[in-house]
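Asker: First, the structure itself, so that you have it in front of you.
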Amino acid sequence: MDLNKLADALIPDDDLQPPAYYEEKYPPRAMKKGAEVTRLAPSPTGFMHLGNLYVALANERIAHGSGGVLYLRIEDTDSKRKVEGAVDVIQSSLRYFGIDFDEGAEIGGEYGPYYQQQRAKIYRAYAKELIRRGRAYPCFCTEEELAAVREKQTENKLLPGYYGEFAKCRDLSEAEIYQNLAANKPYVIRFRSEGDVEKKSVFHDEIKGEITVTENNQDVVILKSDGIPTYHFAHVIDDHLMRTTLVIRGEEWLASLPIHIELFKALGFRMPRYGHNCSIQKIDETDGTRRKLSKRKDPEASLVFYREEGYHPLAVRIYLMTLLNSNFEEWHLKFPDKPVEEFRFSIAKMGKSGALFDLDKLNDVSKDVLARLSAGEMADFLQTWAEGYGTAEQQSWLTDRDYLLQVLALCMGVGAKKRRKDFVTAKQAADVISYFFRAEENPAFRADGETVKAVLQNFMAVYDPADDNAAWFDKLKKVAGALGFASDMKAYKAAPENYRGNVSDVAEIVRVALTGRANTPDLCTIMRILGAEECRRRVAGVVANV
RNA sequence: GGCCCCGUGGUCAAGAGGUUAAGACACCACCCUUUCACGGUGGUAUCAUGGGUUCGAUUCCCGUCGGGGUCACCA
């Protein structure tokens with residue numbers, strides 16, 4: 001069979017460059033030893049998964065930690081999944097969490113274009129070359145035919161797929177091929193595999209270590225009927241031509257590694273190194289089993305979730321780093337103020353087994369991150385969050401910057417010996433500080449109405465905003481004593497039956513009346529921030545209703 | 001089902017042929033304290049299982065079990 005003629009018939013494009021042209025156009029990168037070229041290659045589906053960020057962080061740290069390059073390639077070969085504006089979503093969400101690319105889509109670079117759709121000619125050139133060499137052939141099978149074969153294979157407990165005797169179009173005669181072409185039958189281009197599933201070999205995975213791979217024997221599709229390549233083919237060509245040195249990707253790709261290995265070999269490309277990263281999982285409530293975080297079932301699977309909730313990007317970053325590198329957490333505990341970039345990220349320290357997503361742990365990390373912010377930084381963070389996701393009311397709270405800073409300084413314990421860790425997320429923080437901006441609707445007291453009224457009236461009668469903390473508390477104790485509450489905790493503990501309660505019960509009444517909640521930072525300071533007038537108004541409201 | 005990956009407390013995990021099997025989160029108790037938070041002290045809890053190698057295996061080997069992934073003209 002005249003393979004050159006076949007190649008021309010199958011891929012008639014007259015504007016293709018020979019493979020050698022691309023080899024020269026995209027030469028190996030001049031980089032210092034040890035520098036890694038890594039990439040992120042998401043599909044523009046408009047949805048960004050936590051797993052995307054997870055693997056992005058690993059690639060980013062490896063590239064930048066080694067003085068290498070991180071680039072963004074858009075895998076838009078499936079037109080059915082493509083969503084308008086998805087590339088913006090990818091870039092903006094990754095940037096929010098601190099992933100910056102050196103080259104790639106929308107940034108450009110010497111190894112572009114970085115959209116696979118724009119690289120169609122390149123793939124076709126290599127596919128044509130494979131046809132000429134007899135390593136690729138046209139397949140005219142319809143979807144129905146393939147499905148029927150698969151069904152039969154499954155029935156007979158055979159390996160499903162297009163291989164060996166089941167590869168009907170593999171050895172079509174020249175006449176049959178041209179007949180089909182003349183009849184305008186749609187066709188795909190398949191790779192002619194020479195592998196044998198009985199043969200296994202050891203492969204070194206940068207994360208998993210020594211793994212065994214079974215040879216591929218599938219004649220996989222490399223060019224779909226629309227002339228666009230499949231993932232497998234595009235991956236091999238792109239990562240070769242873009243001179244990727246290390247591919248860190250999800251372990252769901254492990255199963256197709258044999259295909260990639262054979263394609264690299266057939267094309268005569270040197271393979272990049274691979275690291276297959278485990279995925280973030282969660283326990284399914286319905287059956288108690290582990291599974292990947294699901295886009296459909298788990299809101300926390302989406303990167304949008306963390307922005308809506310107002311998680312600080314650094315918190316998410318630190319949390320993911322603790323999952324990614326087992327010694328990161330200890331390092332971070334030791335040097336809490338050092339930027340993450342200073343940590344020596346190592347592929348060797350990446351875990352082999354999938355980790356369960358732990359919101360408690362993330363929350364704990366978040367508290368620490370927020371507690372290290374200055375009041376000004378926290379105010380900025382809150383404002384940015386509120387502009388995007390807060391209610392109109394919450395936005396209005398933040399307009400008086402000076403007032404806000406006073407509130408934050410108190411709630412964060414700025415200036416105190418130890419910082420408070422009340423804030424977890426921006427959303428939760430907004431809720432925590434709400435009482436500074438509006439009185440609570442129906443404060444719930446544990447004490448009876450008469451007692452509440454007496455405590456509030458007595459205390460407000462002597463309250464003086466000019467008092468310092470000690471004087472303020474002295475007055476509270478006097479009120480407590482006058483009403484039969486113990487003003488001295490030790491005395492109370494010695495003989496609680498002699499009292500109606502103690503000074504903390506009295507403080508609680510004032511606290512609840514003013515803030516609507518039983519737990520707040522220092523009450524005296526809260527009253528100072530609210531102002532005497534506002535305090536009196538709130539107390540009056542409570543006394544009238546109780 | 002075939003193939004592949006994984007298996008140390010509830011979670012993330014360090015670890016090495018011999019350890020009292022680190023640490024963090026969560027949980028519990030106590031202390032501090034006008035409440036809460038912070039902080040401090042202490043505590044509960046782990047090597048999936050069977051066999052082999054070995055003086056000794058949680059660690060090395062094999063089987064079993066369990067969990068996960070994958071078997072598209074999707075990535």
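Going through the structure tokens in order, the chains are called A, B, and so on, while each chain numbers its residues from 1 and the ligands are numbered from 1 in the order shown.
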Show me which bits of chain A are within 7 Å of chain B, counting only C-alpha atoms (C1' of nucleotides), as an MDAnalysis selection string.

Answerer: chainID A and resid 43 157 159 188 221 224:225 231 252 255 323 326 352:353 358 360:361 418:422 503:504 507:508 518:521

Asker: Env of Ala127 (chain A): 10 Å cut, atoms = only C-alpha atoms (C1' of nucleotides), seq-sep filter 2 positions within chain, self excluded. Answer as a PDB file with N, CA, C and O atoms, in the first residue's frame.

Answerer:
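Okay, this is what ended up in around-v6.pdb:
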```
ATOM      1  N   ALA A   7      -1.658   8.872   3.360  1.00  0.00           N
ATOM      2  CA  ALA A   7      -1.528  10.007   4.269  1.00  0.00           C
ATOM      3  C   ALA A   7      -2.116  11.255   3.633  1.00  0.00           C
ATOM      4  O   ALA A   7      -2.825  12.030   4.280  1.00  0.00           O
ATOM      5  N   LEU A  10      -5.919  10.989   3.611  1.00  0.00           N
ATOM      6  CA  LEU A  10      -6.541  11.085   4.934  1.00  0.00           C
ATOM      7  C   LEU A  10      -6.385  12.480   5.545  1.00  0.00           C
ATOM      8  O   LEU A  10      -7.283  13.002   6.218  1.00  0.00           O
ATOM      9  N   ILE A  11      -5.227  13.045   5.335  1.00  0.00           N
ATOM     10  CA  ILE A  11      -4.955  14.374   5.876  1.00  0.00           C
ATOM     11  C   ILE A  11      -4.487  15.253   4.727  1.00  0.00           C
ATOM     12  O   ILE A  11      -3.292  15.415   4.492  1.00  0.00           O
ATOM     13  N   PRO A  19       7.409  17.472  10.781  1.00  0.00           N
ATOM     14  CA  PRO A  19       7.769  17.423  12.205  1.00  0.00           C
ATOM     15  C   PRO A  19       9.097  18.117  12.507  1.00  0.00           C
ATOM     16  O   PRO A  19       9.226  18.770  13.537  1.00  0.00           O
ATOM     17  N   LYS A 121      -2.914  22.127  13.499  1.00  0.00           N
ATOM     18  CA  LYS A 121      -2.005  21.808  12.396  1.00  0.00           C
ATOM     19  C   LYS A 121      -0.820  20.971  12.863  1.00  0.00           C
ATOM     20  O   LYS A 121      -0.328  20.108  12.141  1.00  0.00           O
ATOM     21  N   ILE A 122      -0.379  21.269  14.069  1.00  0.00           N
ATOM     22  CA  ILE A 122       0.778  20.531  14.591  1.00  0.00           C
ATOM     23  C   ILE A 122       0.416  19.061  14.775  1.00  0.00           C
ATOM     24  O   ILE A 122       1.137  18.169  14.324  1.00  0.00           O
ATOM     25  N   TYR A 123      -0.729  18.829  15.410  1.00  0.00           N
ATOM     26  CA  TYR A 123      -1.126  17.444  15.652  1.00  0.00           C
ATOM     27  C   TYR A 123      -1.322  16.703  14.337  1.00  0.00           C
ATOM     28  O   TYR A 123      -0.948  15.542  14.196  1.00  0.00           O
ATOM     29  N   ARG A 124      -1.923  17.415  13.390  1.00  0.00           N
ATOM     30  CA  ARG A 124      -2.202  16.778  12.107  1.00  0.00           C
ATOM     31  C   ARG A 124      -0.902  16.435  11.391  1.00  0.00           C
ATOM     32  O   ARG A 124      -0.796  15.400  10.715  1.00  0.00           O
ATOM     33  N   ALA A 125       0.078  17.277  11.537  1.00  0.00           N
ATOM     34  CA  ALA A 125       1.364  17.013  10.897  1.00  0.00           C
ATOM     35  C   ALA A 125       1.989  15.720  11.448  1.00  0.00           C
ATOM     36  O   ALA A 125       2.500  14.895  10.688  1.00  0.00           O
ATOM     37  N   GLU A 129       2.477  11.960   9.701  1.00  0.00           N
ATOM     38  CA  GLU A 129       3.759  11.274   9.738  1.00  0.00           C
ATOM     39  C   GLU A 129       3.588   9.810  10.196  1.00  0.00           C
ATOM     40  O   GLU A 129       4.183   8.891   9.635  1.00  0.00           O
ATOM     41  N   LEU A 130       2.742   9.634  11.197  1.00  0.00           N
ATOM     42  CA  LEU A 130       2.498   8.274  11.688  1.00  0.00           C
ATOM     43  C   LEU A 130       1.824   7.412  10.618  1.00  0.00           C
ATOM     44  O   LEU A 130       2.107   6.227  10.484  1.00  0.00           O
ATOM     45  N   ILE A 131       0.938   8.029   9.860  1.00  0.00           N
ATOM     46  CA  ILE A 131       0.277   7.279   8.788  1.00  0.00           C
ATOM     47  C   ILE A 131       1.306   6.846   7.748  1.00  0.00           C
ATOM     48  O   ILE A 131       1.336   5.703   7.308  1.00  0.00           O
ATOM     49  N   ARG A 132       2.171   7.760   7.393  1.00  0.00           N
ATOM     50  CA  ARG A 132       3.223   7.446   6.404  1.00  0.00           C
ATOM     51  C   ARG A 132       4.078   6.285   6.871  1.00  0.00           C
ATOM     52  O   ARG A 132       4.545   5.486   6.081  1.00  0.00           O
ATOM     53  N   ARG A 133       4.276   6.236   8.157  1.00  0.00           N
ATOM     54  CA  ARG A 133       5.121   5.172   8.691  1.00  0.00           C
ATOM     55  C   ARG A 133       4.331   3.917   9.026  1.00  0.00           C
ATOM     56  O   ARG A 133       4.872   2.972   9.617  1.00  0.00           O
ATOM     57  N   ARG A 135       2.064   3.596  11.231  1.00  0.00           N
ATOM     58  CA  ARG A 135       1.741   3.483  12.652  1.00  0.00           C
ATOM     59  C   ARG A 135       0.377   4.081  12.996  1.00  0.00           C
ATOM     60  O   ARG A 135      -0.004   4.168  14.152  1.00  0.00           O
ATOM     61  N   ALA A 136      -0.335   4.509  11.957  1.00  0.00           N
ATOM     62  CA  ALA A 136      -1.689   5.033  12.184  1.00  0.00           C
ATOM     63  C   ALA A 136      -2.508   4.712  10.958  1.00  0.00           C
ATOM     64  O   ALA A 136      -1.969   4.582   9.852  1.00  0.00           O
ATOM     65  N   TYR A 137      -3.795   4.537  11.167  1.00  0.00           N
ATOM     66  CA  TYR A 137      -4.645   4.142  10.043  1.00  0.00           C
ATOM     67  C   TYR A 137      -6.050   4.680  10.245  1.00  0.00           C
ATOM     68  O   TYR A 137      -6.447   4.999  11.375  1.00  0.00           O
ATOM     69  N   ILE A 189      -8.647   8.647  12.999  1.00  0.00           N
ATOM     70  CA  ILE A 189      -7.323   8.067  12.799  1.00  0.00           C
ATOM     71  C   ILE A 189      -6.938   7.342  14.076  1.00  0.00           C
ATOM     72  O   ILE A 189      -6.995   7.918  15.167  1.00  0.00           O
ATOM     73  N   ARG A 190      -6.618   6.080  13.932  1.00  0.00           N
ATOM     74  CA  ARG A 190      -6.192   5.295  15.092  1.00  0.00           C
ATOM     75  C   ARG A 190      -4.705   4.999  15.041  1.00  0.00           C
ATOM     76  O   ARG A 190      -4.107   4.867  13.976  1.00  0.00           O
ATOM     77  N   PHE A 191      -4.159   4.863  16.201  1.00  0.00           N
ATOM     78  CA  PHE A 191      -2.766   4.492  16.369  1.00  0.00           C
ATOM     79  C   PHE A 191      -2.669   2.981  16.221  1.00  0.00           C
ATOM     80  O   PHE A 191      -3.540   2.250  16.686  1.00  0.00           O
ATOM     81  N   ILE A 222      -6.372   8.779  17.748  1.00  0.00           N
ATOM     82  CA  ILE A 222      -5.506   9.934  17.975  1.00  0.00           C
ATOM     83  C   ILE A 222      -6.083  11.203  17.348  1.00  0.00           C
ATOM     84  O   ILE A 222      -5.898  12.288  17.862  1.00  0.00           O
ATOM     85  N   LEU A 223      -6.820  11.005  16.253  1.00  0.00           N
ATOM     86  CA  LEU A 223      -7.503  12.156  15.640  1.00  0.00           C
ATOM     87  C   LEU A 223      -8.981  11.800  15.531  1.00  0.00           C
ATOM     88  O   LEU A 223      -9.341  10.785  14.932  1.00  0.00           O
ATOM     89  N   PRO A 229      -7.337  16.292  17.806  1.00  0.00           N
ATOM     90  CA  PRO A 229      -6.734  15.147  18.498  1.00  0.00           C
ATOM     91  C   PRO A 229      -7.455  14.799  19.795  1.00  0.00           C
ATOM     92  O   PRO A 229      -8.158  15.618  20.367  1.00  0.00           O
ATOM     93  N   PHE A 233      -3.071  11.954  22.406  1.00  0.00           N
ATOM     94  CA  PHE A 233      -2.173  12.396  21.337  1.00  0.00           C
ATOM     95  C   PHE A 233      -1.687  13.831  21.590  1.00  0.00           C
ATOM     96  O   PHE A 233      -0.493  14.117  21.471  1.00  0.00           O
ATOM     97  N   LEU A 267       6.563   8.071  18.405  1.00  0.00           N
ATOM     98  CA  LEU A 267       6.881   9.365  17.823  1.00  0.00           C
ATOM     99  C   LEU A 267       8.363   9.696  17.948  1.00  0.00           C
ATOM    100  O   LEU A 267       8.831  10.697  17.416  1.00  0.00           O
TER     101      LEU A 267
END
```

Asker: What does the distance from CA of Gly98 (chain A) to CA of Pro313 (chain A) come to in Å, to one decimal?

Answerer: 7.5 Å

Asker: Extract, using only C-alpha atoms (C1' of nucleotides), all DNA, RNA and protein residues at most 12 Å from region 50-57 of chain B, discarding same-chain residues fewer than 5 positions from it, and format them as a JSON list (two decimals) with all heavy atoms, in the first residue's frame.

Answerer:
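Output (around25.json):
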```json
[["chain", "number", "residue", "atom", "x", "y", "z"],
["B", 16, "A", "P", 12.92, 5.96, 58.44],
["B", 16, "A", "OP1", 13.68, 7.17, 58.06],
["B", 16, "A", "OP2", 11.81, 5.52, 57.58],
["B", 16, "A", "O5'", 13.94, 4.76, 58.60],
["B", 16, "A", "C5'", 14.94, 4.81, 59.61],
["B", 16, "A", "C4'", 14.70, 3.73, 60.62],
["B", 16, "A", "O4'", 13.38, 3.90, 61.22],
["B", 16, "A", "C3'", 14.66, 2.32, 60.05],
["B", 16, "A", "O3'", 15.96, 1.78, 59.93],
["B", 16, "A", "C2'", 13.81, 1.58, 61.07],
["B", 16, "A", "O2'", 14.55, 1.24, 62.22],
["B", 16, "A", "C1'", 12.78, 2.65, 61.44],
["B", 16, "A", "N9", 11.57, 2.56, 60.62],
["B", 16, "A", "C8", 11.41, 2.90, 59.29],
["B", 16, "A", "N7", 10.19, 2.73, 58.84],
["B", 16, "A", "C5", 9.49, 2.23, 59.94],
["B", 16, "A", "C6", 8.17, 1.83, 60.11],
["B", 16, "A", "N6", 7.24, 1.89, 59.14],
["B", 16, "A", "N1", 7.80, 1.39, 61.32],
["B", 16, "A", "C2", 8.71, 1.34, 62.29],
["B", 16, "A", "N3", 10.00, 1.68, 62.25],
["B", 16, "A", "C4", 10.33, 2.12, 61.04],
["B", 17, "G", "P", 16.16, 0.52, 59.02],
["B", 17, "G", "OP1", 17.43, -0.10, 59.39],
["B", 17, "G", "OP2", 15.93, 0.93, 57.63],
["B", 17, "G", "O5'", 14.97, -0.42, 59.45],
["B", 17, "G", "C5'", 15.10, -1.83, 59.46],
["B", 17, "G", "C4'", 14.42, -2.36, 60.70],
["B", 17, "G", "O4'", 13.96, -3.68, 60.41],
["B", 17, "G", "C3'", 15.38, -2.47, 61.87],
["B", 17, "G", "O3'", 14.71, -2.42, 63.12],
["B", 17, "G", "C2'", 15.89, -3.86, 61.72],
["B", 17, "G", "O2'", 16.29, -4.46, 62.96],
["B", 17, "G", "C1'", 14.63, -4.59, 61.24],
["B", 17, "G", "N9", 14.97, -5.80, 60.49],
["B", 17, "G", "C8", 15.88, -5.97, 59.48],
["B", 17, "G", "N7", 15.97, -7.20, 59.08],
["B", 17, "G", "C5", 15.08, -7.89, 59.89],
["B", 17, "G", "C6", 14.75, -9.27, 59.93],
["B", 17, "G", "O6", 15.18, -10.18, 59.26],
["B", 17, "G", "N1", 13.79, -9.53, 60.90],
["B", 17, "G", "C2", 13.23, -8.59, 61.72],
["B", 17, "G", "N2", 12.32, -9.02, 62.60],
["B", 17, "G", "N3", 13.52, -7.30, 61.70],
["B", 17, "G", "C4", 14.45, -7.04, 60.76],
["B", 18, "G", "P", 14.46, -1.33, 64.08],
["B", 18, "G", "OP1", 13.18, -0.78, 63.68],
["B", 18, "G", "OP2", 15.61, -0.47, 64.28],
["B", 18, "G", "O5'", 14.27, -2.21, 65.39],
["B", 18, "G", "C5'", 12.96, -2.58, 65.80],
["B", 18, "G", "C4'", 13.00, -3.07, 67.24],
["B", 18, "G", "O4'", 13.98, -4.12, 67.35],
["B", 18, "G", "C3'", 13.42, -2.02, 68.27],
["B", 18, "G", "O3'", 12.86, -2.44, 69.49],
["B", 18, "G", "C2'", 14.93, -2.19, 68.30],
["B", 18, "G", "O2'", 15.48, -1.82, 69.54],
["B", 18, "G", "C1'", 15.06, -3.70, 68.16],
["B", 18, "G", "N9", 16.28, -4.18, 67.47],
["B", 18, "G", "C8", 17.17, -3.50, 66.69],
["B", 18, "G", "N7", 18.10, -4.28, 66.18],
["B", 18, "G", "C5", 17.80, -5.55, 66.67],
["B", 18, "G", "C6", 18.44, -6.80, 66.47],
["B", 18, "G", "O6", 19.42, -7.06, 65.78],
["B", 18, "G", "N1", 17.80, -7.83, 67.14],
["B", 18, "G", "C2", 16.69, -7.68, 67.91],
["B", 18, "G", "N2", 16.23, -8.78, 68.48],
["B", 18, "G", "N3", 16.07, -6.52, 68.12],
["B", 18, "G", "C4", 16.68, -5.51, 67.47],
["B", 62, "C", "P", 6.21, -9.59, 46.97],
["B", 62, "C", "OP1", 6.29, -9.52, 45.50],
["B", 62, "C", "OP2", 5.66, -8.44, 47.73],
["B", 62, "C", "O5'", 5.41, -10.89, 47.39],
["B", 62, "C", "C5'", 5.61, -12.11, 46.70],
["B", 62, "C", "C4'", 4.75, -13.18, 47.31],
["B", 62, "C", "O4'", 5.10, -13.35, 48.70],
["B", 62, "C", "C3'", 3.26, -12.87, 47.36],
["B", 62, "C", "O3'", 2.60, -13.13, 46.14],
["B", 62, "C", "C2'", 2.79, -13.81, 48.47],
["B", 62, "C", "O2'", 2.67, -15.14, 48.01],
["B", 62, "C", "C1'", 3.95, -13.70, 49.45],
["B", 62, "C", "N1", 3.71, -12.69, 50.50],
["B", 62, "C", "C2", 2.86, -13.02, 51.56],
["B", 62, "C", "O2", 2.36, -14.15, 51.60],
["B", 62, "C", "N3", 2.62, -12.11, 52.52],
["B", 62, "C", "C4", 3.16, -10.89, 52.45],
["B", 62, "C", "N4", 2.89, -10.02, 53.41],
["B", 62, "C", "C5", 4.02, -10.52, 51.36],
["B", 62, "C", "C6", 4.26, -11.44, 50.42],
["B", 63, "G", "P", 1.26, -12.35, 45.80],
["B", 63, "G", "OP1", 0.91, -12.67, 44.40],
["B", 63, "G", "OP2", 1.42, -10.93, 46.21],
["B", 63, "G", "O5'", 0.19, -13.02, 46.77],
["B", 63, "G", "C5'", -0.31, -14.33, 46.50],
["B", 63, "G", "C4'", -1.11, -14.82, 47.67],
["B", 63, "G", "O4'", -0.37, -14.62, 48.89],
["B", 63, "G", "C3'", -2.42, -14.08, 47.94],
["B", 63, "G", "O3'", -3.47, -14.50, 47.10],
["B", 63, "G", "C2'", -2.68, -14.48, 49.39],
["B", 63, "G", "O2'", -3.19, -15.80, 49.48],
["B", 63, "G", "C1'", -1.27, -14.44, 49.97],
["B", 63, "G", "N9", -1.01, -13.15, 50.61],
["B", 63, "G", "C8", -0.17, -12.14, 50.20],
["B", 63, "G", "N7", -0.17, -11.10, 51.01],
["B", 63, "G", "C5", -1.09, -11.44, 52.00],
["B", 63, "G", "C6", -1.53, -10.73, 53.15],
["B", 63, "G", "O6", -1.19, -9.61, 53.52],
["B", 63, "G", "N1", -2.46, -11.44, 53.88],
["B", 63, "G", "C2", -2.92, -12.70, 53.55],
["B", 63, "G", "N2", -3.83, -13.23, 54.38],
["B", 63, "G", "N3", -2.52, -13.39, 52.49],
["B", 63, "G", "C4", -1.61, -12.70, 51.77],
["B", 64, "U", "P", -4.67, -13.50, 46.78],
["B", 64, "U", "OP1", -5.60, -14.18, 45.87],
["B", 64, "U", "OP2", -4.08, -12.19, 46.41],
["B", 64, "U", "O5'", -5.36, -13.33, 48.21],
["B", 64, "U", "C5'", -6.07, -14.42, 48.80],
["B", 64, "U", "C4'", -6.65, -14.00, 50.12],
["B", 64, "U", "O4'", -5.57, -13.57, 51.01],
["B", 64, "U", "C3'", -7.58, -12.79, 50.08],
["B", 64, "U", "O3'", -8.89, -13.15, 49.71],
["B", 64, "U", "C2'", -7.51, -12.30, 51.52],
["B", 64, "U", "O2'", -8.30, -13.07, 52.39],
["B", 64, "U", "C1'", -6.03, -12.53, 51.85],
["B", 64, "U", "N1", -5.20, -11.33, 51.62],
["B", 64, "U", "C2", -5.26, -10.31, 52.57],
["B", 64, "U", "O2", -5.97, -10.37, 53.56],
["B", 64, "U", "N3", -4.46, -9.23, 52.30],
["B", 64, "U", "C4", -3.63, -9.05, 51.22],
["B", 64, "U", "O4", -2.97, -8.03, 51.13],
["B", 64, "U", "C5", -3.63, -10.14, 50.29],
["B", 64, "U", "C6", -4.39, -11.21, 50.52],
["B", 65, "C", "P", -9.78, -12.11, 48.93],
["B", 65, "C", "OP1", -11.05, -12.78, 48.57],
["B", 65, "C", "OP2", -8.96, -11.48, 47.86],
["B", 65, "C", "O5'", -10.09, -11.03, 50.06],
["B", 65, "C", "C5'", -10.84, -11.38, 51.21],
["B", 65, "C", "C4'", -10.79, -10.26, 52.22],
["B", 65, "C", "O4'", -9.40, -10.04, 52.63],
["B", 65, "C", "C3'", -11.22, -8.90, 51.70],
["B", 65, "C", "O3'", -12.63, -8.75, 51.71],
["B", 65, "C", "C2'", -10.55, -7.96, 52.70],
["B", 65, "C", "O2'", -11.23, -7.93, 53.94],
["B", 65, "C", "C1'", -9.20, -8.65, 52.88],
["B", 65, "C", "N1", -8.18, -8.14, 51.96],
["B", 65, "C", "C2", -7.55, -6.91, 52.25],
["B", 65, "C", "O2", -7.86, -6.30, 53.28],
["B", 65, "C", "N3", -6.61, -6.42, 51.40],
["B", 65, "C", "C4", -6.30, -7.11, 50.30],
["B", 65, "C", "N4", -5.38, -6.59, 49.49],
["B", 65, "C", "C5", -6.92, -8.35, 49.97],
["B", 65, "C", "C6", -7.84, -8.82, 50.82]]
```

Asker: List as a short mmCIF file (atom, residue, chain, number, x, y, z; two decimals) with N, CA, C and O atoms, in the first residue's frame the protein and nucleic acid residues near region 536-542 of chain A, meaning an atom at most 10 Å away when only C-alpha atoms (C1' of nucleotides) are counted, but skip any in the same chain fewer than 4 places from it.

Answerer:
```cif
data_model
loop_
_atom_site.label_atom_id
_atom_site.label_comp_id
_atom_site.auth_asym_id
_atom_site.auth_seq_id
_atom_site.Cartn_x
_atom_site.Cartn_y
_atom_site.Cartn_z
N ARG A 438 -25.40 46.64 64.65
CA ARG A 438 -26.85 46.67 64.89
C ARG A 438 -27.18 45.81 66.11
O ARG A 438 -26.53 44.80 66.36
N ALA A 439 -28.19 46.25 66.87
CA ALA A 439 -28.58 45.49 68.06
C ALA A 439 -29.21 44.18 67.64
O ALA A 439 -29.86 44.10 66.60
N GLU A 440 -29.00 43.14 68.44
CA GLU A 440 -29.62 41.85 68.15
C GLU A 440 -31.12 41.95 68.41
O GLU A 440 -31.56 42.66 69.31
N GLU A 441 -31.86 41.19 67.66
CA GLU A 441 -33.32 41.25 67.77
C GLU A 441 -33.84 40.87 69.15
O GLU A 441 -34.40 41.69 69.86
N ASN A 442 -33.65 39.62 69.53
CA ASN A 442 -34.21 39.15 70.81
C ASN A 442 -33.16 38.47 71.66
O ASN A 442 -33.05 37.25 71.66
N PRO A 443 -32.39 39.26 72.40
CA PRO A 443 -31.36 38.64 73.24
C PRO A 443 -31.98 37.67 74.23
O PRO A 443 -33.02 37.96 74.82
N GLY A 449 -36.55 38.02 84.20
CA GLY A 449 -36.73 39.40 83.78
C GLY A 449 -36.45 40.42 84.87
O GLY A 449 -35.81 41.44 84.62
N VAL A 452 -32.72 40.70 85.40
CA VAL A 452 -32.11 41.37 84.24
C VAL A 452 -32.32 42.87 84.36
O VAL A 452 -31.40 43.68 84.22
N LYS A 453 -33.53 43.24 84.63
CA LYS A 453 -33.88 44.65 84.72
C LYS A 453 -33.07 45.33 85.84
O LYS A 453 -32.50 46.40 85.64
N LEU A 456 -29.31 45.66 84.91
CA LEU A 456 -29.07 46.66 83.87
C LEU A 456 -29.28 48.07 84.40
O LEU A 456 -28.47 48.97 84.14
N GLN A 457 -30.35 48.27 85.14
CA GLN A 457 -30.64 49.62 85.64
C GLN A 457 -29.58 50.06 86.64
O GLN A 457 -29.09 51.18 86.58
N MET A 460 -26.18 50.66 84.69
CA MET A 460 -26.15 51.83 83.83
C MET A 460 -26.22 53.12 84.64
O MET A 460 -25.76 54.17 84.19
N ALA A 461 -26.76 53.02 85.84
CA ALA A 461 -26.84 54.21 86.70
C ALA A 461 -25.44 54.67 87.12
O ALA A 461 -25.20 55.87 87.29
N TYR A 463 -22.60 53.57 85.36
CA TYR A 463 -21.65 53.45 84.25
C TYR A 463 -21.10 54.80 83.82
O TYR A 463 -21.86 55.75 83.65
N VAL A 510 -25.26 41.86 81.28
CA VAL A 510 -24.91 43.10 80.57
C VAL A 510 -24.45 42.76 79.15
O VAL A 510 -24.82 43.40 78.17
N VAL A 512 -25.14 40.11 77.27
CA VAL A 512 -26.23 39.68 76.39
C VAL A 512 -27.12 40.87 76.00
O VAL A 512 -27.54 40.99 74.86
N ALA A 513 -27.35 41.73 76.95
CA ALA A 513 -28.21 42.89 76.66
C ALA A 513 -27.60 43.75 75.57
O ALA A 513 -28.29 44.26 74.69
N LEU A 514 -26.29 43.89 75.62
CA LEU A 514 -25.61 44.78 74.68
C LEU A 514 -25.30 44.12 73.34
O LEU A 514 -25.35 44.77 72.29
N THR A 515 -24.94 42.85 73.39
CA THR A 515 -24.44 42.22 72.17
C THR A 515 -25.33 41.09 71.66
O THR A 515 -25.13 40.60 70.56
N MET A 527 -18.17 48.31 75.19
CA MET A 527 -19.03 49.45 75.54
C MET A 527 -18.39 50.77 75.11
O MET A 527 -19.07 51.68 74.67
N LEU A 530 -18.89 50.98 71.31
CA LEU A 530 -20.29 51.25 70.97
C LEU A 530 -20.66 52.69 71.31
O LEU A 530 -21.46 53.32 70.62
N GLY A 531 -20.08 53.19 72.39
CA GLY A 531 -20.42 54.54 72.84
C GLY A 531 -21.52 54.49 73.87
O GLY A 531 -22.42 53.67 73.78
N ALA A 532 -21.42 55.40 74.84
CA ALA A 532 -22.38 55.40 75.95
C ALA A 532 -23.80 55.54 75.46
O ALA A 532 -24.73 54.89 75.95
N VAL A 546 -38.26 43.28 78.44
CA VAL A 546 -38.03 42.08 79.23
C VAL A 546 -39.17 41.78 80.21
O VAL A 546 -39.90 42.69 80.60
#
```

Asker: Do a neighbour search on region 68-72 of chain A at 9 Å with only C-alpha atoms (C1' of nucleotides), toss out local chain neighbours closer than 2 positions, and write the hits as a PyMOL selection string.

Answerer: chain A and resi 31-32+34-42+59-60+62-66+74+91+100-107+109+114+244

Asker: One decimal, in Å: what's the spacing between CA of Leu53 (chain A) and CA of Glu110 (chain A)?

Answerer: 25.1 Å

Asker: Using only C-alpha atoms (C1' of nucleotides), determine which residues lie at most 12 Å from C28 (chain B), disregarding the query and same-chain residues fewer than 3 positions distant; provide the list as a ChimeraX atom specification.

Answerer: /B:42-45

Asker: So how far away is CA of Cys278 (chain A) from CA of Leu324 (chain A), in Å?

Answerer: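 According to the coordinates, CA of Leu324 (chain A) and CA of Cys278 (chain A) are separated by 9.5 Å.
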